Amino acid sequence: MEYVSPEGLRLDGRRFNEMRQIVAEIGVVSKADGSAVFEMGNTKVIAAVYGPREIQNKSQQLKHDRALVLCEYSMAQFSTGDRRRQKQDRRTTELSLVIRQTMEACILTELMPHSQIDIFLQVLQADGGTRSACINAATLALADAGIPMRDLAVSCSAGYLNSTPLLDLNYVEDSAGGADVTVGILPKTDKMDAKLPMETFETVFALASEGCKAIAERIREVLEENTKQLEYRRAA
Amino acid sequence: MVGISVGEQHFLKGGIAQDLRTDGRKRLTYRPISVETGVIPQANGSARVKIGGTDVIASVKAEIGRPSSLQPDKGKVSVFIDCSPTAEPTFGGRGGEELSSELALALQRCLLGGKSGAGAGINLSSLLIKEGKICWDLYIDGLVISSDGNLLDALGAAMKAALTNTAIPKVKVSAEVADDEQPEIDISDEEYQQFDTSSVPVIVTLTKVGAHYIVDATAEEESQMSSAVSISVNRVGHICGFTKRGGSGMDPSVILDMISVAKHMSETLMNKLDSEISAAEACEDDES
Amino acid sequence: MLQSKVFNKKTRGGRIQKQVREVYLRDDIYCGAFACKSCDTSAARLSSPKIIVLDTNVVLHQIDLLENQAIDNVVVLSVVLDEVKNRNRSVYNRIRALCSNPAKQFYVFSNHVHKDTYVQAMERESANDHNDRAIRVATLWYQKHLGGTSQVLLVTNDRENKRKATEEGISAETIEAYVKSIGQPDLLDLLAQPTAEDITMEDADDSRPSKRKLVYLEHKPMSEITAGLHRGIYHQGKLRVNRFNPFEAYVGSESIGEEIIIYGRSNMNRAFDGDIVAIELLPRDQWQEEKALSIAEEDEDEDDTVHLAPNSADDAPRISSLAQETSGDKNAVPARPSGRVVGVIRRNWHSYCGSLEPMSLPAGSGGTAHALFVSKDRRIPKIRINTRQLQNLLNMRIVVAVDSWDRQSRYPSGHYVRPIGKIGDRETETEVVLIENDVDYSPFSSQVLACLPPLPWSVSSEDVSNPVRQDLRHLLVFSVDPPGCKDIDDALHCTSLPNGNFEVGVHIADVTNFVHPGTPLDDEASKRGTSVYLVDRRIDMLPKPLTEDICSLRADVERLAFSVIWEMSPEAEIISTRFTKSIIKSSAALSYVEAQARMDDSRLTDTVTTDLRNMNTLAKIMRQRRIDRGALTLASAEVKFQIDTETHDPLDIGMYQIREANQMVEEFMLAANVSVAEQILNQFSSCSLLRRHPTPTREMLEPLLRTAAAIGLTLDVSSSKALADSLDRAVGEDPYFNKLIRILATRCMTQAVYFCSGDLTPPEYHHYGLAAPLYTHFTSPIRRYADVFVHRLLAASLGIYKLPTVFQDRPQLTSVADNLNYRHRNAQMASRASVELHTLIYFRNRPTDAEARVVKIRSNGFIVFVPKYGIEGPVYLTAKGEKGAGDWYVDEEKQKIVKMDGSLSYSVLQTVKIHMEVVEPQPNRPKLQLTLL
């Protein structure tokens, strides 16, 4: 299969170092303390943050000196090409864990002892890169909830197909069985599905990191815009 | 759920009694409704409906299936609901399942008619491809993203909009085959089939709080309800489904009264919804 | 700018899925014309003010013409490329090659993502119409974009598309009209024959009778075929035409699990060898009609030619079940189901070498003549072509491509592509052999040559100081090869150790030091797969400087090597094995004859000779042990030519003599290959490249057993050991008898093949012929790409290099192995064809008498094998065409043909005297004829 044409164009018309279109919006779930929707092309994720609030289930609390961060990832039945019959499977459990660890490392949990922060991620459409989209959406939602963070955790994937490193794989590219790296910047999370020699890994990793920087910039813009809106509304 | 103080409860109930609800509405006034269609491109049809702080998505996916032996001349439709924990943390894990199945059941009653398929909102015969062999199975999935009361009405409206938005590819059954074999089908990418959704009913839920009943209750108001009646009414004013929820009993005369109010409300809602849907469809066409 | 593409897809499971794909439209796709003022011209290709845009059908059908240098300044649209890719992979590769060829001005315009030429699908528009519209939109864009600076022409053979284009203000032409406008009438021969839906130039052109008879059954429509496959009434598979009988083909079908025979051209229903076809089974009572069909149906006579004796089952004619049936009882159920083709799923048409059937020149030259082309490959039917240069082509070998085959014609239609040379000319015929076997004999490209190290090359100080490289220059290393060998890839050493053991080393040219993965040089070598040895020339896998100099382990020069070094006990037990990259300096490049002479000359006591003798002693023990384990001593009739250095014509043919020295070298190479196989598999269990030899089935050994039974010999074929033992026992009165039996056994077996270890389970790795559980190829990296691959694996297993990325990609690895097998097989066939060609040239002026052995009895004679010349061919007892075979009858059981009156009989393996002479029954078609003396 040819994923990159000799003219350097990918199946969807992008070049190797181009991301899909990003749409980000804050405050989509009225009742949540913070929420956001994050789209990368056809991948669309909603994140809602509840908290910091009282710990609901005391048995889950392991450390008293910091906030408990919980994360639940779910995919809508219509999010994939085939309807999903099963709500929870190993992959969603694993993803929940990865995202939770990433966000936990980013939140200043020590400022909020005896409290709990819930992050809920709902995938509306999956077209590759859901892991990254979730992390980005969660960051926006946390910021919306006013939860103190060390930095903006952002994530982007990159892969290696037809001997070319490719930024932000879509579903077709993701299913090609090549290696792919999801990089989260700030607390590092990266995960790989196929073997990659070290030198190639480095270029793929660097590409994903570049993608992260671009996303971080976009997220900052969205947040600034949101803050301006708030300021404007208060003034009014 | 929603925890409110005794003082707030009194304020809320008192407001309803005086026909001035906490958000300034009258008892029979809806919150603003917005409809967006085609939100899930991968589905055959989809819509997102927001009523106040309630936000739901409905999608329609069509799959090739086999008609049931009891109804060889009809396709099948099923309804599933999923309550996302984004809407309510208690929906996390399996927490939303009870509510989900309750909503799904109520929607099935309202939209799909009886077991025989009679009285269904969409013509099940139009889903048939080859009698006894192949038909379309429609899966209608509802997802609650944000919940601030009146989920059933919102989901009902979203499903109506999603069905209107639905287009399924036309299929041809290739070459005749022996009776006991499954025929092959070919799809045509260029031609689509749409459904007539004019007879799909709308759902009006009347929530009884104290001595009065209100439409489009918020989550706060629902926490104070004694019972609720959901009535689905189609365009010609016929009642297609009826569901009562909540613990306390009701006098039959009250119910009859509620039905006539609901019937009246349904006309307004139906018109409002139709115009929203056609506006949304036009908007989607513009984009593509 | 963002667009969505929505389409529905039917999945394998019969489900329908809606697919949504994004399309990002761009403003940085340039037009590729140098003259353009607004575009970036750094990647421009189009220099002429006359630009042509091609429609898909033109690319698909006229690729031979497009490859001609007269066609240039072409815009190839990405939608066209996509469609071509889906329709015909080989045409796609050719058009892609044209686009990347710097000598051609073919520019790929990615119209599908260009913001102005993107075309959204319209409702009720078929995919085909949509593509046509996209092509017109793009052409129109070019016209407007380039304005007055250039003239843009759409070349299409689709009538509808041409009409619409003209309506929309686009200048459009058919390919015929375009070619005519260039003013090179010869190019018209290259045009593919128009098919029914295309525009025909001159409709009255057809001189054939207007009342055309339907010759073949209609092909079923694709939907019906898929439905049929689904329901199990049709079966899909690749059609393989019998190399020795073009009226018989086989389809291996997964759904049936065994091969289905297709008898006769009408059952083959226009399918070519290699086509993927759908077939249906014939009713059981029609399963045995081979004879009736193949004789009755065709006017082309099936002619047995004299050919080289086969070396393996792959070269030998397929055994048909006919013999079994006639010998067994008549009630036996026929063994093989037979069927007929109902549709062709994917064509395997390419171009073919051959010549025109002799015919008289039509009156008035210069006009178009219809001629029949006869392919050299007998599996291919005759092809009808039109030509304007009949006179020039009649005595030529030419290349012809197939265009179509409709139901009314007995033969497919095609078009002339290019000439090769005069028939019978050695150069021409050799080229035919190469083309026929898909051997790339073009000179290496400049990109490939650029990868070579600068000459003169010598071992550098970095090589010496490289820690992974061991300096073995002090060792007494020498090579033993055939005389005149220039690509020496192996050398040996053997020294006695103080503890009485021996250190034996096999040193292999370190090719991977020069051929790095991912370079054009590596890609080229990987594509070629192997060097090809013809009688008068060698087609190298690697460029000559590497093959003959830099890598070749020549005497008295320092060379880089990859060494396998064992410590062996005097009983030839391997005590330890180590692998290392090394530097060696060979002290002698011996020929087999020289090495043998040294060993045999008891007066010589120099170190080289002593080492040779020690090695020979070890090798004999190793060989015996291998034979005890069940390795087969197989035999083949290899012949050797003596070639005139001036004319390159063969001067003499003789049997190739195998000496102890050959066996000695072979033994150590086998041992090295086995050691390497163990090492790499140990490290890379799922991505090693190994070589296996499948155990022959009883059915494959049937002809051997039948022949043996006829002369009262019983062979035990239950295992390779049993077979080896019974072959050892098969000794007749004459010394050649045992060899003959071994030759017959060898030709029953298939050849060993390369495979990727991850694709099979360990028991399947077995090498039957060598009785080795593991085997690979390591010792000839100069001439085999498999060995290059294995060198990389070995180096990676030692931590010298990292494993190249291709090893992580299992499907690609499998395709590399498949390609190697294909190339290997082709190389062998090319060698054989070259020998056959030279045999014919040799006998042209030398009618000869020789002794031959009967190897197979036929109803009208028998097949003889001539050991001295390694050839095999038919001897007829009854004249051809004379159907009265009544004089002779065949005794199947005894494998004997007996004259009715009992006065004469010939039985299998009997020695006969024959006369060999080249005859020319038709002009320019010489063939070797064998007659009984």
# chains A, B, ... in the order shown; residues from 1 in each chain; ligands from 1
>>> interface_residues(of="chain A", to="chain C", cutoff="12 Å", atoms="only C-alpha atoms", output="JSON, numbers by chain")
{"A": [1, 2, 5, 6, 7, 8, 9, 10, 11, 12, 13, 14, 15, 18, 19, 20, 21, 22, 40, 41, 42, 43, 78, 79, 80, 81, 82, 83, 125, 126, 127, 128, 160, 161, 162, 163, 170, 171, 172, 173, 176, 177, 178, 179, 194, 195, 196, 197, 198, 199, 200, 201]}
>>> select_by_dssp(residues="stretch 41-154 of chain C", states="strand (DSSP E)", output="list in words")
Lys50, Ile51, Ile52, Val53, Leu54, Val74, Val75, Val76, Leu77, Phe106, Tyr107, Val108, Phe109, Gln151, Val152, Leu153 and Leu154 of chain C
>>> closest_atom_pairs(of="chain B", to="chain C", cutoff="6 Å", atoms="only C-alpha atoms", output="CSV")
residue,atom,partner,partner_atom,distance
B:Gln42,CA,C:Val20,CA,5.7
B:Ile64,CA,C:Arg15,CA,5.8
B:Glu184,CA,C:Ala227,CA,5.8
B:Glu190,CA,C:Arg124,CA,4.4
B:Glu191,CA,C:Arg124,CA,5.6
>>> write_last_selection(atoms="C-alpha atoms", output="PDB file, in the first residue's frame")
ATOM      1  CA  GLN B  42     -19.381   8.327   9.721  1.00  0.00           C
ATOM      2  CA  ILE B  64     -27.296  -5.269   6.257  1.00  0.00           C
ATOM      3  CA  GLU B 184     -25.417 -11.177  -3.130  1.00  0.00           C
ATOM      4  CA  GLU B 190     -24.237   7.451  -6.333  1.00  0.00           C
ATOM      5  CA  GLU B 191     -27.787   6.930  -5.203  1.00  0.00           C
TER       6      GLU B 191
END
>>> residues_around(residues="stretch 87-99 of chain B", least_positions_apart="4", cutoff="12 Å", atoms="only C-alpha atoms", output="PyMOL selection string")
(chain A and resi 28-35+46-51+53+56-57+70-74+87-89+92-93+96+116-122) or (chain B and resi 1-2+53-56+80-83+103-106+143-149+151-152+219+245)
>>> write_last_selection(atoms="C-alpha atoms", output="PDB file, in the first residue's frame")
ATOM      1  CA  VAL A  28     -19.493  22.490  26.089  1.00  0.00           C
ATOM      2  CA  VAL A  29     -20.932  20.649  29.080  1.00  0.00           C
ATOM      3  CA  SER A  30     -22.877  23.118  31.152  1.00  0.00           C
ATOM      4  CA  LYS A  31     -22.915  21.223  34.397  1.00  0.00           C
ATOM      5  CA  ALA A  32     -19.269  20.226  34.506  1.00  0.00           C
ATOM      6  CA  ASP A  33     -16.686  22.327  36.301  1.00  0.00           C
ATOM      7  CA  GLY A  34     -14.660  22.401  33.162  1.00  0.00           C
ATOM      8  CA  SER A  35     -15.195  20.957  29.714  1.00  0.00           C
ATOM      9  CA  ILE A  46     -15.333  15.716  24.563  1.00  0.00           C
ATOM     10  CA  ALA A  47     -13.706  16.079  27.965  1.00  0.00           C
ATOM     11  CA  ALA A  48     -15.511  17.005  31.159  1.00  0.00           C
ATOM     12  CA  VAL A  49     -13.853  17.694  34.475  1.00  0.00           C
ATOM     13  CA  TYR A  50     -15.639  17.439  37.795  1.00  0.00           C
ATOM     14  CA  GLY A  51     -13.739  18.666  40.811  1.00  0.00           C
ATOM     15  CA  ARG A  53     -14.453  17.955  45.088  1.00  0.00           C
ATOM     16  CA  GLN A  56     -16.508  10.041  46.744  1.00  0.00           C
ATOM     17  CA  ASN A  57     -15.093   6.658  47.505  1.00  0.00           C
ATOM     18  CA  LEU A  70      -9.529   9.712  38.210  1.00  0.00           C
ATOM     19  CA  CYS A  71     -10.079   9.265  34.546  1.00  0.00           C
ATOM     20  CA  GLU A  72     -12.636   7.415  32.503  1.00  0.00           C
ATOM     21  CA  TYR A  73     -12.442   6.975  28.769  1.00  0.00           C
ATOM     22  CA  SER A  74     -15.392   5.813  26.777  1.00  0.00           C
ATOM     23  CA  LYS A  87     -18.610  -0.581  26.130  1.00  0.00           C
ATOM     24  CA  GLN A  88     -15.459  -1.372  28.037  1.00  0.00           C
ATOM     25  CA  ASP A  89     -12.593  -3.440  26.820  1.00  0.00           C
ATOM     26  CA  THR A  92     -10.241   1.541  26.824  1.00  0.00           C
ATOM     27  CA  THR A  93      -9.068   0.525  30.287  1.00  0.00           C
ATOM     28  CA  SER A  96      -7.902   5.499  30.731  1.00  0.00           C
ATOM     29  CA  GLN A 116     -10.845  14.302  43.930  1.00  0.00           C
ATOM     30  CA  ILE A 117     -10.714  15.367  40.305  1.00  0.00           C
ATOM     31  CA  ASP A 118     -12.635  13.351  37.738  1.00  0.00           C
ATOM     32  CA  ILE A 119     -11.802  13.573  34.076  1.00  0.00           C
ATOM     33  CA  PHE A 120     -14.314  12.011  31.720  1.00  0.00           C
ATOM     34  CA  LEU A 121     -13.457  11.563  28.094  1.00  0.00           C
ATOM     35  CA  GLN A 122     -16.075  10.766  25.546  1.00  0.00           C
TER      36      GLN A 122
ATOM     37  CA  MET B   1     -28.113  13.814  41.544  1.00  0.00           C
ATOM     38  CA  VAL B   2     -29.022  17.314  42.371  1.00  0.00           C
ATOM     39  CA  GLY B  53     -28.158  22.738  29.379  1.00  0.00           C
ATOM     40  CA  THR B  54     -29.172  19.351  28.036  1.00  0.00           C
ATOM     41  CA  ASP B  55     -27.105  18.194  25.122  1.00  0.00           C
ATOM     42  CA  VAL B  56     -27.661  14.908  23.285  1.00  0.00           C
ATOM     43  CA  PHE B  80     -29.816   2.161  22.282  1.00  0.00           C
ATOM     44  CA  ILE B  81     -28.982   4.906  24.718  1.00  0.00           C
ATOM     45  CA  ASP B  82     -25.706   5.635  26.378  1.00  0.00           C
ATOM     46  CA  CYS B  83     -25.346   8.139  29.190  1.00  0.00           C
ATOM     47  CA  LEU B 103     -34.723   5.793  28.409  1.00  0.00           C
ATOM     48  CA  ALA B 104     -34.174   3.282  25.611  1.00  0.00           C
ATOM     49  CA  LEU B 105     -37.309   1.399  26.531  1.00  0.00           C
ATOM     50  CA  ALA B 106     -39.397   4.548  26.653  1.00  0.00           C
ATOM     51  CA  LEU B 143     -25.661   9.655  23.614  1.00  0.00           C
ATOM     52  CA  VAL B 144     -26.250  12.021  26.490  1.00  0.00           C
ATOM     53  CA  ILE B 145     -23.348  14.453  26.686  1.00  0.00           C
ATOM     54  CA  SER B 146     -24.716  16.960  29.115  1.00  0.00           C
ATOM     55  CA  SER B 147     -27.826  16.515  31.174  1.00  0.00           C
ATOM     56  CA  ASP B 148     -29.998  19.190  32.674  1.00  0.00           C
ATOM     57  CA  GLY B 149     -33.352  17.470  32.689  1.00  0.00           C
ATOM     58  CA  LEU B 151     -33.588  13.878  28.492  1.00  0.00           C
ATOM     59  CA  LEU B 152     -36.383  11.894  26.917  1.00  0.00           C
ATOM     60  CA  ALA B 219     -32.597  18.640  36.567  1.00  0.00           C
ATOM     61  CA  ARG B 245     -42.452   7.433  35.502  1.00  0.00           C
TER      62      ARG B 245
END
>>> residues_around(residues="C:Gly343", least_positions_apart="2", cutoff="7 Å", atoms="only C-alpha atoms", output="NGL selection string")
:C and (219-220 or 277-279 or 341 or 345)
>>> select_by_dssp(residues="stretch 155-224 of chain A", states="alpha helix (DSSP H)", output="number ranges by chain")
A: 171-174, 198-224
>>> closest_residue(among="B:Glu284, B:Glu8, B:Asp257, B:Asp141", to="chain A", atoms="only C-alpha atoms")
B:Asp141
>>> residues_around(residues="A:His114", least_positions_apart="4", cutoff="9 Å", atoms="only C-alpha atoms", output="number ranges by chain")
A: 53-55, 61, 63-68
>>> residues_around(residues="B:Asp153", least_positions_apart="6", cutoff="8 Å", atoms="only C-alpha atoms", output="list in words")
Val202, Ile203, Val204, Thr205 and Asp216 of chain B
>>> write_last_selection(atoms="C-alpha atoms", output="short mmCIF file (atom, residue, chain, number, x, y, z; two decimals), in the first residue's frame")
data_model
loop_
_atom_site.label_atom_id
_atom_site.label_comp_id
_atom_site.auth_asym_id
_atom_site.auth_seq_id
_atom_site.Cartn_x
_atom_site.Cartn_y
_atom_site.Cartn_z
CA VAL B 202 -42.33 14.03 19.14
CA ILE B 203 -42.23 13.34 22.82
CA VAL B 204 -43.64 15.73 25.37
CA THR B 205 -42.92 15.02 28.99
CA ASP B 216 -39.17 20.74 29.87
#
>>> closest_residue(among="C:Thr707, C:Arg747, C:Ser531, C:Cys36", to="C:Val854", atoms="only C-alpha atoms")
C:Thr707
>>> atom_distance(atom1="atom CA of C:Asp628", atom2="atom CA of C:Ile565")
24.5 Å
>>> residues_around(residues="A:Leu230", least_positions_apart="6", cutoff="12 Å", atoms="only C-alpha atoms", output="ChimeraX atom specification")
/A:26-27,144,223-224,236
>>> atom_distance(atom1="atom CA of C:Gly32", atom2="atom CA of C:Tyr142")
10.3 Å
>>> atom_distance(atom1="atom CA of C:Val137", atom2="atom CA of C:Phe106")
19.2 Å
>>> closest_residue(among="A:Ala206, A:Val123, A:Ile107, A:Ile219", to="chain B", atoms="only C-alpha atoms")
A:Val123
